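The structure file query_14.cif is reproduced below (mmCIF, C-alpha atoms and all ligand atoms).
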data_my_file
loop_
_atom_site.label_atom_id
_atom_site.label_comp_id
_atom_site.auth_asym_id
_atom_site.auth_seq_id
_atom_site.Cartn_x
_atom_site.Cartn_y
_atom_site.Cartn_z
CA MET A 1 197.50 14.03 133.59
CA ASP A 2 196.29 17.57 133.36
CA ILE A 3 192.71 17.75 132.14
CA GLU A 4 191.88 21.30 131.17
CA LEU A 5 188.18 21.68 130.61
CA PRO A 6 186.95 24.40 128.30
CA GLU A 7 184.52 27.09 129.36
CA ARG A 8 181.45 25.15 128.26
CA ALA A 9 181.96 21.42 128.47
CA LEU A 10 180.08 18.17 128.31
CA VAL A 11 182.21 15.45 129.89
CA LEU A 12 181.48 11.80 129.15
CA LEU A 13 182.95 9.31 131.59
CA ILE A 14 183.51 6.14 129.58
CA GLY A 15 184.30 2.83 131.22
CA VAL A 16 182.96 -0.53 132.29
CA SER A 17 181.22 -1.11 135.60
CA SER A 18 183.56 -0.66 138.59
CA SER A 19 186.19 1.27 136.67
CA GLY A 20 185.80 4.11 139.16
CA LYS A 21 183.67 6.56 137.19
CA SER A 22 181.37 7.54 140.04
CA THR A 23 184.29 7.82 142.43
CA PHE A 24 186.12 10.11 140.00
CA ALA A 25 183.00 12.21 139.47
CA ARG A 26 182.59 12.68 143.22
CA GLN A 27 186.21 13.74 143.60
CA HIS A 28 186.38 16.26 140.79
CA PHE A 29 182.91 17.70 140.24
CA GLN A 30 180.02 19.23 142.14
CA PRO A 31 177.13 16.80 142.78
CA THR A 32 174.79 18.88 140.59
CA GLU A 33 177.25 18.76 137.69
CA VAL A 34 177.13 14.96 137.55
CA VAL A 35 174.24 13.31 135.74
CA SER A 36 174.34 9.66 136.74
CA SER A 37 172.32 6.84 135.15
CA ASP A 38 172.39 4.95 138.47
CA HIS A 39 170.94 7.95 140.23
CA TYR A 40 168.02 8.12 137.80
CA ARG A 41 167.47 4.34 138.07
CA ALA A 42 167.00 4.96 141.77
CA VAL A 43 164.77 7.96 141.11
CA VAL A 44 162.35 5.96 138.95
CA ALA A 45 162.66 2.50 140.57
CA ASP A 46 163.96 3.01 144.12
CA ASP A 47 166.94 0.85 143.15
CA ASP A 48 170.07 2.14 141.42
CA ASN A 49 170.79 -1.40 140.26
CA ASP A 50 167.44 -2.17 138.62
CA GLN A 51 168.31 -2.83 134.97
CA SER A 52 164.62 -2.87 133.99
CA ALA A 53 164.61 0.85 134.77
CA THR A 54 167.36 1.58 132.25
CA LYS A 55 165.14 3.06 129.53
CA ASP A 56 163.29 5.40 131.89
CA ALA A 57 166.52 6.39 133.61
CA PHE A 58 168.20 7.36 130.34
CA GLU A 59 165.20 9.38 129.19
CA LEU A 60 165.73 11.47 132.31
CA VAL A 61 169.51 11.60 131.79
CA HIS A 62 168.95 13.00 128.29
CA LEU A 63 166.42 15.52 129.51
CA VAL A 64 168.63 16.78 132.33
CA VAL A 65 171.74 16.95 130.13
CA GLU A 66 169.83 18.96 127.55
CA LYS A 67 168.49 21.43 130.13
CA ARG A 68 171.94 21.95 131.61
CA LEU A 69 173.69 22.40 128.27
CA ARG A 70 171.09 24.95 127.26
CA ARG A 71 172.15 26.96 130.31
CA GLY A 72 175.81 26.56 129.36
CA LEU A 73 176.59 24.57 132.50
CA LEU A 74 179.40 22.07 132.89
CA THR A 75 177.80 18.63 132.70
CA VAL A 76 179.35 15.24 133.45
CA ILE A 77 177.60 12.06 132.34
CA ASP A 78 178.32 9.21 134.73
CA ALA A 79 177.27 6.08 132.82
CA THR A 80 179.26 3.40 131.03
CA ASN A 81 178.74 5.33 127.75
CA LEU A 82 179.86 2.27 125.79
CA GLN A 83 177.18 2.59 123.08
CA ALA A 84 178.06 4.69 120.06
CA ILE A 85 174.42 5.65 119.57
CA ASP A 86 174.18 7.15 123.07
CA ARG A 87 177.38 9.06 122.56
CA ARG A 88 176.10 10.41 119.26
CA ASP A 89 172.99 11.85 120.93
CA TYR A 90 175.12 13.62 123.51
CA LEU A 91 177.52 14.94 120.88
CA ASN A 92 174.61 16.33 118.90
CA MET A 93 173.31 18.12 121.97
CA ALA A 94 176.75 19.53 122.69
CA ARG A 95 177.04 20.85 119.16
CA GLN A 96 173.58 22.37 119.28
CA TYR A 97 174.44 24.37 122.41
CA GLY A 98 177.97 25.43 121.48
CA THR A 99 179.51 23.09 124.03
CA GLU A 100 182.73 21.11 123.68
CA ALA A 101 182.50 17.38 124.26
CA VAL A 102 185.30 15.81 126.29
CA ALA A 103 185.76 12.04 126.77
CA LEU A 104 187.46 10.60 129.85
CA VAL A 105 188.17 6.93 129.18
CA PHE A 106 188.80 4.51 132.07
CA ASN A 107 190.81 1.77 130.37
CA LEU A 108 191.88 -0.24 133.41
CA PRO A 109 193.46 -3.71 133.44
CA THR A 110 190.89 -6.52 133.51
CA ARG A 111 192.41 -7.86 136.73
CA VAL A 112 191.75 -4.64 138.60
CA LEU A 113 188.19 -4.53 137.31
CA MET A 114 187.44 -8.13 138.30
CA ASP A 115 188.91 -7.63 141.78
CA ARG A 116 186.83 -4.52 142.33
CA HIS A 117 183.73 -6.16 140.94
CA TYR A 118 183.92 -9.06 143.39
CA ALA A 119 184.80 -6.79 146.30
CA ARG A 120 181.74 -4.71 145.61
CA PRO A 121 178.66 -5.45 147.70
CA ASP A 122 176.21 -3.71 145.36
CA ARG A 123 176.86 -5.35 141.96
CA PHE A 124 175.67 -8.90 141.39
CA PHE A 125 175.86 -9.54 137.63
CA SER A 126 178.11 -12.26 136.26
CA GLU A 127 181.64 -12.09 135.05
CA SER A 128 180.48 -12.54 131.44
CA VAL A 129 178.59 -9.23 131.60
CA LEU A 130 181.77 -7.50 132.66
CA GLU A 131 183.74 -9.29 129.94
CA ARG A 132 181.24 -8.12 127.35
CA GLN A 133 181.62 -4.54 128.58
CA ILE A 134 185.41 -4.81 128.49
CA HIS A 135 185.23 -5.99 124.89
CA ARG A 136 182.90 -3.12 124.03
CA LEU A 137 185.30 -0.62 125.59
CA GLN A 138 188.01 -1.70 123.13
CA THR A 139 185.65 -1.04 120.20
CA THR A 140 184.68 2.29 121.77
CA MET A 141 188.33 3.36 122.10
CA HIS A 142 188.86 2.55 118.48
CA ASP A 143 185.82 4.60 117.37
CA LEU A 144 186.16 7.61 119.70
CA PRO A 145 188.71 9.64 117.68
CA PHE A 146 186.26 9.75 114.77
CA GLU A 147 183.15 10.70 116.70
CA GLY A 148 183.73 14.44 117.10
CA PHE A 149 185.03 14.85 120.64
CA GLN A 150 187.12 18.00 121.12
CA ALA A 151 189.36 16.14 123.57
CA ILE A 152 189.88 12.53 124.65
CA TYR A 153 191.83 11.60 127.78
CA THR A 154 192.54 7.93 128.51
CA PHE A 155 193.52 6.50 131.91
CA ASN A 156 195.40 3.23 131.55
CA SER A 157 195.94 2.48 135.25
CA PRO A 158 194.49 3.29 138.67
CA ASP A 159 197.54 5.50 139.28
CA GLU A 160 196.77 7.60 136.24
CA VAL A 161 193.22 8.05 137.51
CA ALA A 162 194.46 9.01 140.96
CA GLU A 163 196.97 11.53 139.65
CA ALA A 164 194.60 13.32 137.28
CA VAL A 165 194.13 17.03 137.86
CA VAL A 166 191.00 18.65 136.49
CA SER A 167 191.14 22.37 135.88
CA ARG A 168 188.58 24.64 134.33
CA ARG A 169 189.47 27.34 131.96
CA GLY A 170 186.17 28.96 132.67
CA GLN A 171 184.98 32.25 133.98
CA PRO A 172 185.07 32.72 137.73
CA SER A 173 181.74 31.38 138.95
CA GLY A 174 179.13 34.04 139.37
CA ALA A 175 181.22 36.66 137.55
CA ARG A 176 178.47 37.32 135.05
CA LEU A 177 176.15 38.32 137.87
CA GLN A 178 178.59 40.78 139.41
CA THR A 179 177.37 44.25 138.65
CA GLY A 180 180.40 46.16 139.86
CA PRO A 181 181.35 48.88 140.07
CA PHE A 182 184.64 47.85 138.51
CA ASP A 183 188.07 49.36 137.98
CA ILE A 184 189.57 47.71 134.93
CA VAL A 185 193.36 47.96 134.71
CA GLY A 186 195.34 47.85 131.46
CA ASP A 187 198.54 45.89 130.68
CA VAL A 188 200.82 46.23 133.73
CA HIS A 189 203.87 44.46 132.21
CA GLY A 190 205.91 44.36 135.40
CA CYS A 191 205.45 48.04 136.27
CA TYR A 192 204.98 47.41 139.98
CA ASP A 193 205.57 50.95 141.27
CA GLU A 194 203.10 52.42 138.81
CA LEU A 195 200.55 49.72 139.71
CA VAL A 196 200.79 50.55 143.42
CA GLU A 197 200.44 54.25 142.61
CA LEU A 198 197.39 53.58 140.45
CA LEU A 199 195.76 51.37 143.11
CA THR A 200 196.40 54.12 145.65
CA LYS A 201 194.79 56.68 143.37
CA LEU A 202 191.81 54.36 142.87
CA GLY A 203 191.42 54.00 146.64
CA TYR A 204 192.53 50.36 147.08
CA VAL A 205 195.61 51.21 149.13
CA GLN A 206 194.45 53.26 152.05
CA ASP A 207 194.71 53.76 155.75
CA PRO A 208 193.14 50.82 157.60
CA SER A 209 190.62 52.96 159.50
CA ALA A 210 188.90 54.13 156.30
CA PRO A 211 185.78 52.23 155.13
CA LEU A 212 186.51 49.30 152.79
CA ILE A 213 186.27 50.04 149.13
CA ASN A 214 183.23 48.39 147.56
CA ARG A 215 184.61 47.97 144.05
CA THR A 216 186.24 45.14 142.13
CA LEU A 217 189.46 45.33 140.15
CA VAL A 218 189.67 43.58 136.81
CA PHE A 219 193.06 43.09 135.12
CA VAL A 220 193.12 42.76 131.32
CA GLY A 221 196.20 40.50 131.45
CA ASP A 222 199.86 40.82 130.49
CA LEU A 223 200.88 41.33 134.08
CA ILE A 224 204.50 40.45 133.30
CA ASP A 225 207.55 41.08 131.07
CA ARG A 226 209.25 44.30 129.90
CA GLY A 227 208.85 46.22 133.17
CA PRO A 228 211.27 45.93 136.11
CA ASN A 229 209.29 43.90 138.67
CA SER A 230 207.13 41.15 137.21
CA VAL A 231 207.38 39.07 140.37
CA GLY A 232 206.12 41.97 142.51
CA VAL A 233 203.16 42.45 140.17
CA LEU A 234 202.36 38.73 140.17
CA ARG A 235 202.54 38.51 143.95
CA LEU A 236 200.25 41.51 144.40
CA VAL A 237 197.67 40.53 141.78
CA MET A 238 197.59 36.90 142.94
CA GLN A 239 196.84 38.15 146.45
CA LEU A 240 194.12 40.50 145.21
CA VAL A 241 192.50 37.70 143.18
CA GLN A 242 192.73 35.29 146.06
CA ASN A 243 191.05 37.62 148.53
CA GLY A 244 188.28 38.45 146.08
CA THR A 245 189.32 42.06 145.38
CA ALA A 246 190.32 41.39 141.78
CA LEU A 247 189.47 39.35 138.74
CA CYS A 248 192.00 38.77 135.98
CA VAL A 249 191.98 37.42 132.44
CA ILE A 250 195.04 35.88 130.84
CA GLY A 251 197.22 37.80 128.36
CA ASN A 252 199.55 36.37 125.71
CA HIS A 253 202.63 37.08 127.85
CA ASP A 254 201.03 35.38 130.89
CA ASP A 255 200.06 32.43 128.71
CA LYS A 256 203.61 32.02 127.47
CA LEU A 257 204.92 32.03 131.04
CA ARG A 258 202.24 29.46 131.91
CA ARG A 259 203.56 27.17 129.20
CA LYS A 260 207.15 27.76 130.30
CA LEU A 261 206.27 26.86 133.90
CA ARG A 262 204.56 23.70 132.66
CA GLY A 263 207.88 22.65 131.21
CA ASN A 264 207.11 23.47 127.58
CA ASN A 265 209.86 24.74 125.35
CA VAL A 266 209.10 28.41 124.65
CA GLN A 267 211.28 31.18 123.26
CA LEU A 268 212.39 33.59 125.97
CA MET A 269 211.69 36.77 124.02
CA HIS A 270 210.00 40.14 124.61
CA GLY A 271 211.07 40.32 128.26
CA LEU A 272 210.24 36.75 129.26
CA ALA A 273 213.90 35.90 129.93
CA GLU A 274 214.06 38.59 132.66
CA THR A 275 210.76 37.44 134.17
CA VAL A 276 211.97 33.84 134.28
CA ALA A 277 215.26 34.99 135.88
CA GLN A 278 213.27 36.88 138.54
CA LEU A 279 211.11 33.82 139.18
CA ASN A 280 214.14 31.56 139.43
CA ALA A 281 215.35 33.68 142.33
CA GLU A 282 212.11 32.81 144.17
CA PRO A 283 211.41 29.55 146.04
CA PRO A 284 210.02 26.71 143.89
CA ALA A 285 206.77 26.87 145.90
CA PHE A 286 206.17 30.40 144.60
CA ARG A 287 206.76 29.32 141.01
CA GLU A 288 204.21 26.57 141.56
CA GLN A 289 201.72 29.09 142.94
CA VAL A 290 202.25 31.28 139.89
CA ARG A 291 201.75 28.29 137.59
CA GLN A 292 198.50 27.35 139.29
CA PHE A 293 197.32 30.96 139.23
CA LEU A 294 198.01 31.26 135.49
CA GLU A 295 196.41 27.86 134.75
CA GLY A 296 193.20 29.07 136.33
CA LEU A 297 192.87 32.41 134.52
CA PRO A 298 189.97 32.63 132.06
CA HIS A 299 190.40 33.93 128.51
CA TYR A 300 187.60 36.42 129.00
CA ILE A 301 185.10 37.45 131.66
CA GLN A 302 181.53 38.54 131.14
CA LEU A 303 180.26 40.84 133.88
CA ASP A 304 177.26 42.97 134.75
CA ASN A 305 174.73 40.47 133.38
CA GLY A 306 176.61 40.24 130.11
CA GLN A 307 176.76 43.99 129.51
CA LEU A 308 180.52 44.16 130.10
CA LEU A 309 183.18 41.86 128.64
CA VAL A 310 186.89 41.96 129.48
CA ALA A 311 189.41 40.09 127.32
CA HIS A 312 193.10 40.76 126.83
CA ALA A 313 192.84 41.54 123.11
CA GLY A 314 189.05 41.92 122.95
CA LEU A 315 186.48 39.54 121.48
CA ARG A 316 184.35 39.63 118.36
CA GLU A 317 180.63 39.56 119.13
CA ASP A 318 179.84 36.18 117.55
CA LEU A 319 182.38 34.57 119.90
CA HIS A 320 180.84 35.86 123.15
CA GLY A 321 179.83 33.02 125.46
CA ARG A 322 181.82 30.52 123.40
CA SER A 323 185.06 28.68 123.96
CA GLY A 324 187.58 26.76 121.90
CA GLU A 325 190.71 27.52 119.92
CA VAL A 326 189.29 30.43 117.90
CA VAL A 327 188.11 32.15 121.09
CA ARG A 328 191.41 31.46 122.86
CA SER A 329 193.49 32.88 120.08
CA PHE A 330 191.27 35.94 119.64
CA CYS A 331 191.36 36.71 123.36
CA LEU A 332 195.15 36.37 123.49
CA PHE A 333 196.18 37.94 120.18
CA GLY A 334 193.14 39.67 118.72
CA ALA A 335 192.30 39.59 115.05
CA THR A 336 195.44 39.10 113.00
CA THR A 337 195.89 38.60 109.29
CA GLY A 338 198.44 35.84 109.71
CA LYS A 339 201.05 38.12 108.07
CA ASN A 340 203.86 40.12 109.68
CA ASP A 341 204.50 43.82 109.17
CA ASP A 342 207.79 45.61 108.39
CA TYR A 343 208.70 45.41 112.08
CA GLY A 344 208.30 41.62 112.06
CA LEU A 345 205.17 41.76 114.22
CA PRO A 346 201.77 40.26 113.33
CA VAL A 347 199.56 42.63 111.36
CA ARG A 348 196.53 43.35 113.52
CA LEU A 349 193.05 43.89 112.15
CA ASN A 350 190.92 46.60 113.69
CA TRP A 351 188.02 44.39 114.78
CA ALA A 352 186.73 47.18 117.05
CA ALA A 353 185.93 49.32 114.00
CA ASP A 354 183.44 46.65 112.91
CA TYR A 355 182.03 45.97 116.37
CA ARG A 356 178.28 46.50 116.55
CA GLY A 357 177.54 44.50 119.72
CA LYS A 358 175.73 45.74 122.80
CA PRO A 359 178.17 44.61 125.52
CA THR A 360 180.92 47.08 126.39
CA ILE A 361 184.31 45.51 125.64
CA VAL A 362 187.39 46.54 127.59
CA TYR A 363 190.74 45.19 126.45
CA GLY A 364 194.45 45.90 126.12
CA HIS A 365 197.22 44.15 124.17
CA THR A 366 197.90 46.87 121.61
CA PRO A 367 199.62 49.92 123.12
CA VAL A 368 197.96 53.21 122.28
CA ALA A 369 198.91 56.75 123.24
CA ASP A 370 195.47 57.37 124.78
CA ALA A 371 192.49 55.17 125.57
CA ILE A 372 189.71 56.17 123.19
CA TRP A 373 186.22 54.70 122.81
CA GLN A 374 185.41 53.02 119.54
CA ASN A 375 181.93 51.46 119.07
CA ASN A 376 181.50 50.67 122.75
CA THR A 377 184.97 49.14 122.98
CA ILE A 378 188.05 50.63 124.58
CA ASP A 379 191.73 49.67 124.51
CA ILE A 380 193.24 50.68 127.86
CA ASP A 381 196.81 49.52 127.18
CA THR A 382 198.57 52.86 127.28
CA GLY A 383 202.05 51.31 127.11
CA CYS A 384 203.35 51.89 130.63
CA ALA A 385 206.43 49.68 130.15
CA PHE A 386 207.26 51.67 127.02
CA GLY A 387 207.27 54.92 128.98
CA GLY A 388 203.57 55.73 128.47
CA LYS A 389 201.14 55.43 131.36
CA LEU A 390 199.18 52.84 133.28
CA THR A 391 195.44 53.32 132.83
CA ALA A 392 192.30 52.14 134.61
CA LEU A 393 188.74 52.50 133.42
CA ARG A 394 186.08 53.00 136.04
CA TYR A 395 182.87 51.16 135.11
CA PRO A 396 180.03 52.08 134.90
CA GLU A 397 181.32 55.66 135.29
CA ARG A 398 183.49 55.38 132.16
CA GLU A 399 186.09 57.57 133.82
CA LEU A 400 189.75 57.05 132.90
CA ILE A 401 192.43 57.27 135.59
CA SER A 402 196.13 57.05 134.74
CA VAL A 403 199.55 57.32 136.28
CA PRO A 404 202.60 58.12 134.16
CA ALA A 405 205.44 55.61 133.78
CA ARG A 406 208.37 56.49 136.04
CA ARG A 407 210.60 55.84 133.07
CA GLN A 408 210.79 53.91 129.83
CA TYR A 409 211.64 50.27 130.59
CA ALA A 410 211.46 48.77 127.11
CA VAL A 411 211.68 49.94 123.53
CA PRO A 412 208.65 49.16 121.36
CA SER A 413 209.45 47.32 118.13
CA ARG A 414 206.95 49.49 116.28
CA PRO A 415 205.42 52.91 116.98
CA PHE A 416 202.21 53.07 119.02
CA LEU A 417 199.01 53.23 117.06
CA PRO A 418 197.84 56.81 116.72
CA ALA A 419 195.07 57.71 119.14
P1 LIG B 1 181.88 2.89 138.45
O1 LIG B 1 181.02 1.65 138.37
O2 LIG B 1 182.77 3.01 137.26
O3 LIG B 1 181.10 4.11 138.74
O4 LIG B 1 182.85 2.64 139.67
P2 LIG B 1 182.81 3.22 141.14
O5 LIG B 1 183.36 4.58 141.19
O6 LIG B 1 181.45 3.04 141.74
O7 LIG B 1 183.85 2.25 141.84
C1 LIG B 1 183.65 0.86 141.83
C2 LIG B 1 184.34 0.24 143.01
O8 LIG B 1 185.73 0.42 142.88
C3 LIG B 1 183.93 0.86 144.32
O9 LIG B 1 183.82 -0.15 145.28
C4 LIG B 1 185.06 1.83 144.62
O10 LIG B 1 185.21 1.96 146.01
C5 LIG B 1 186.25 1.13 144.00
N1 LIG B 1 187.19 2.12 143.49
C6 LIG B 1 186.94 3.18 142.69
N2 LIG B 1 188.06 3.89 142.42
C7 LIG B 1 189.05 3.25 143.09
C8 LIG B 1 190.45 3.45 143.21
O11 LIG B 1 191.02 4.39 142.65
N3 LIG B 1 191.16 2.58 143.96
C9 LIG B 1 190.55 1.54 144.58
N4 LIG B 1 191.31 0.71 145.31
N5 LIG B 1 189.24 1.29 144.50
C10 LIG B 1 188.49 2.11 143.76
MG MG B 2 179.02 4.29 138.95
#
What does the file become when written as structure tokens?
Amino acid sequence: MDIELPERALVLLIGVSSSGKSTFARQHFQPTEVVSSDHYRAVVADDDNDQSATKDAFELVHLVVEKRLRRGLLTVIDATNLQAIDRRDYLNMARQYGTEAVALVFNLPTRVLMDRHYARPDRFFSESVLERQIHRLQTTMHDLPFEGFQAIYTFNSPDEVAEAVVSRRGQPSGARLQTGPFDIVGDVHGCYDELVELLTKLGYVQDPSAPLINRTLVFVGDLIDRGPNSVGVLRLVMQLVQNGTALCVIGNHDDKLRRKLRGNNVQLMHGLAETVAQLNAEPPAFREQVRQFLEGLPHYIQLDNGQLLVAHAGLREDLHGRSGEVVRSFCLFGATTGKNDDYGLPVRLNWAADYRGKPTIVYGHTPVADAIWQNNTIDIDTGCAFGGKLTALRYPERELISVPARRQYAVPSRPFLPA
């Protein structure tokens, strides 16, 4: 099971005693991300098993959860969470702080639970307590879909628990605090030669004796499709991201490849067929690396203490710092009317014309003849694959650096927007 956590998430582990909640929390989350009722029993009573400390322990759990959510931090509640009233309090907090609530339900066979309970040296309560909890879990599972969770994942066996993969569709940790300087690169779309030329011009490809460049690359996404060498671009950018030289947000083309590599049925249009053919000529291990790379890309990145935001198609101000389907779709596709134009492509709204926010927004997605500032936003997709150029924006200098396309690799289905 693939559990993809949103950018800001409150995760409730739900299950009876001994269903493996604490073990799961240790395996998949940082210790500070896990708020455990047992831990706070120990904090107030020197005994993580002291049921008389329950009320005090949960007061602290609530307090800590609230403080963490206010900071927008991923928070995991390790408690049985079998009471609807407790869950409601947490859901209210999540809503208040723009956080998505995710339930992970440990619905294991009674046999397994009993065996574990008796094997456990630190739990002494009777079988009837466990039976009561098991009964309550069934009620909980019935109620959960109506309680307002954004996602519910249920494990029905120890194997399902063991095979779970938790990924975070969040920003790279600490990105917000990075102050740059940055070189933000527009839609590459498989134009490998032009990318190498641009990186050379920017000073990233250089003779090894020269001092290391102290700047960070940021890719606006759409690394692939249309151009001649999507695999070359992927390999290079994955390496740059891995060694800390680059950050990258996901574009709509990258996202479609991600779904294809997951085994979803997607239409192989707009250059994706060629990309998939190139990938099929690579070893399966490389395809798996690409899949994992794409799964981990955030929809947008906030940098320079929130003064700079990079998203493939931009992001309206009221969505900054948020996550969820509206954010995802804006970052990938921008503001669209839901209608298609005469060329059969979605009609795009010019959200940048209405942008009044303070953060600088750098994006791509819509090819333009030249990158031009509009209300502190700039579209740096200068259509390299269509025979335009590949552009980078230096930040904070606000200097534009481009290299021309070596040739036209694809024909646009509609004319570029006028500059
Ligand atoms: P919690 O009460 O839900 O937090 O459960 P724990 O994570 O503390 O696990 C309860 C007991 O089950 C412990 O003794 C664990 O070692 C054991 N346990 C947890 N997960 C697994 C598992 O996947 N396989 C096996 N065999 N034992 C497990
Ligand atoms: Mg536990």
Environment of ligand LIG 1 (chain B) within 8 Å, counting only C-alpha atoms and all ligand atoms, reported as a ChimeraX atom specification: /A:15-25,78-80,113,116-117,119-121,158-159,161-162
Contact residues around A:Asp89 with all atoms listed in the file at 12 Å, ignoring same-chain residues under 5 positions, as a list in words: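 Contacts, with the query itself left out: Leu12, Phe58, Glu59, Val61, His62, Leu63, Val65, Glu66, Asn81, Gln83, Ala84, Ala94, Arg95, Gln96, Ala101, Glu147 and Gly148 of chain A.
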Once you have the residues from the selection above, write them out as a compact mmCIF listing (two decimals), keeping the file's coordinate frame, restricted to C-alpha atoms.
# COMPACT_ATOMS: atom_id res chain seq x y z
CA LEU A 12 181.48 11.80 129.15
CA PHE A 58 168.20 7.36 130.34
CA GLU A 59 165.20 9.38 129.19
CA VAL A 61 169.51 11.60 131.79
CA HIS A 62 168.95 13.00 128.29
CA LEU A 63 166.42 15.52 129.51
CA VAL A 65 171.74 16.95 130.13
CA GLU A 66 169.83 18.96 127.55
CA ASN A 81 178.74 5.33 127.75
CA GLN A 83 177.18 2.59 123.08
CA ALA A 84 178.06 4.69 120.06
CA ALA A 94 176.75 19.53 122.69
CA ARG A 95 177.04 20.85 119.16
CA GLN A 96 173.58 22.37 119.28
CA ALA A 101 182.50 17.38 124.26
CA GLU A 147 183.15 10.70 116.70
CA GLY A 148 183.73 14.44 117.10
Residue nearest ligand MG 2 (chain B) - candidates A:Val220, A:Val34, A:Leu390, A:Ile3, atoms counted: only C-alpha atoms and all ligand atoms: A:Val34
Spatial neighbours of stretch 353-363 of chain A, 7 Å, all atoms listed in the file, chain gap at least 6 places, as a VMD selection string: chain A and resid 220 306 to 314 317 374 to 380
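Picture a line from atom CA of A:Leu272 to atom CA of A:Ser329; it runs 19.5 Å.
One finds atom CA of A:Val218 at 12.5 Å from atom CA of A:Thr179.
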Distance query A:Ile250 at most 9 Å, all atoms listed in the file, self and fewer than 4 positions along chain excluded, as JSON, numbers by chain: {"A": [219, 220, 221, 222, 223, 254, 255, 294, 296, 297, 298, 299, 300, 311, 312, 331, 332]}
Those residues with C-alpha atoms, as a PDB file, in the frame of the given file please?
ATOM      1  CA  PHE A 219     193.060  43.090 135.120  1.00  0.00           C
ATOM      2  CA  VAL A 220     193.120  42.760 131.320  1.00  0.00           C
ATOM      3  CA  GLY A 221     196.200  40.500 131.450  1.00  0.00           C
ATOM      4  CA  ASP A 222     199.860  40.820 130.490  1.00  0.00           C
ATOM      5  CA  LEU A 223     200.880  41.330 134.080  1.00  0.00           C
ATOM      6  CA  ASP A 254     201.030  35.380 130.890  1.00  0.00           C
ATOM      7  CA  ASP A 255     200.060  32.430 128.710  1.00  0.00           C
ATOM      8  CA  LEU A 294     198.010  31.260 135.490  1.00  0.00           C
ATOM      9  CA  GLY A 296     193.200  29.070 136.330  1.00  0.00           C
ATOM     10  CA  LEU A 297     192.870  32.410 134.520  1.00  0.00           C
ATOM     11  CA  PRO A 298     189.970  32.630 132.060  1.00  0.00           C
ATOM     12  CA  HIS A 299     190.400  33.930 128.510  1.00  0.00           C
ATOM     13  CA  TYR A 300     187.600  36.420 129.000  1.00  0.00           C
ATOM     14  CA  ALA A 311     189.410  40.090 127.320  1.00  0.00           C
ATOM     15  CA  HIS A 312     193.100  40.760 126.830  1.00  0.00           C
ATOM     16  CA  CYS A 331     191.360  36.710 123.360  1.00  0.00           C
ATOM     17  CA  LEU A 332     195.150  36.370 123.490  1.00  0.00           C
TER      18      LEU A 332
END
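Proximity to A:Val112 was assessed for A:Thr216, A:Val231, A:Thr382, A:Ser157 counting all atoms listed in the file; the smallest distance is recorded for A:Ser157.
Taking only C-alpha atoms into account, A:Val185 lies nearest to A:Ala246 out of the set A:Val266, A:Ala53, A:Val205, A:Ala246.
For the choices A:Val196, A:Tyr343, A:Val102, A:Ile14, the atom-to-atom distance to A:Gln138 is smallest for A:Ile14 when using all atoms listed in the file.
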Long-range neighbours of A:His142 as a list of chain:residue names, 12 Å cut-off, all atoms listed in the file, 5 positions minimum in chain: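 Counting only the stated atoms, we get A:Leu82, A:Ala84, A:Val105, A:His135, A:Arg136, A:Leu137, A:Glu147, A:Ile152, A:Thr154.
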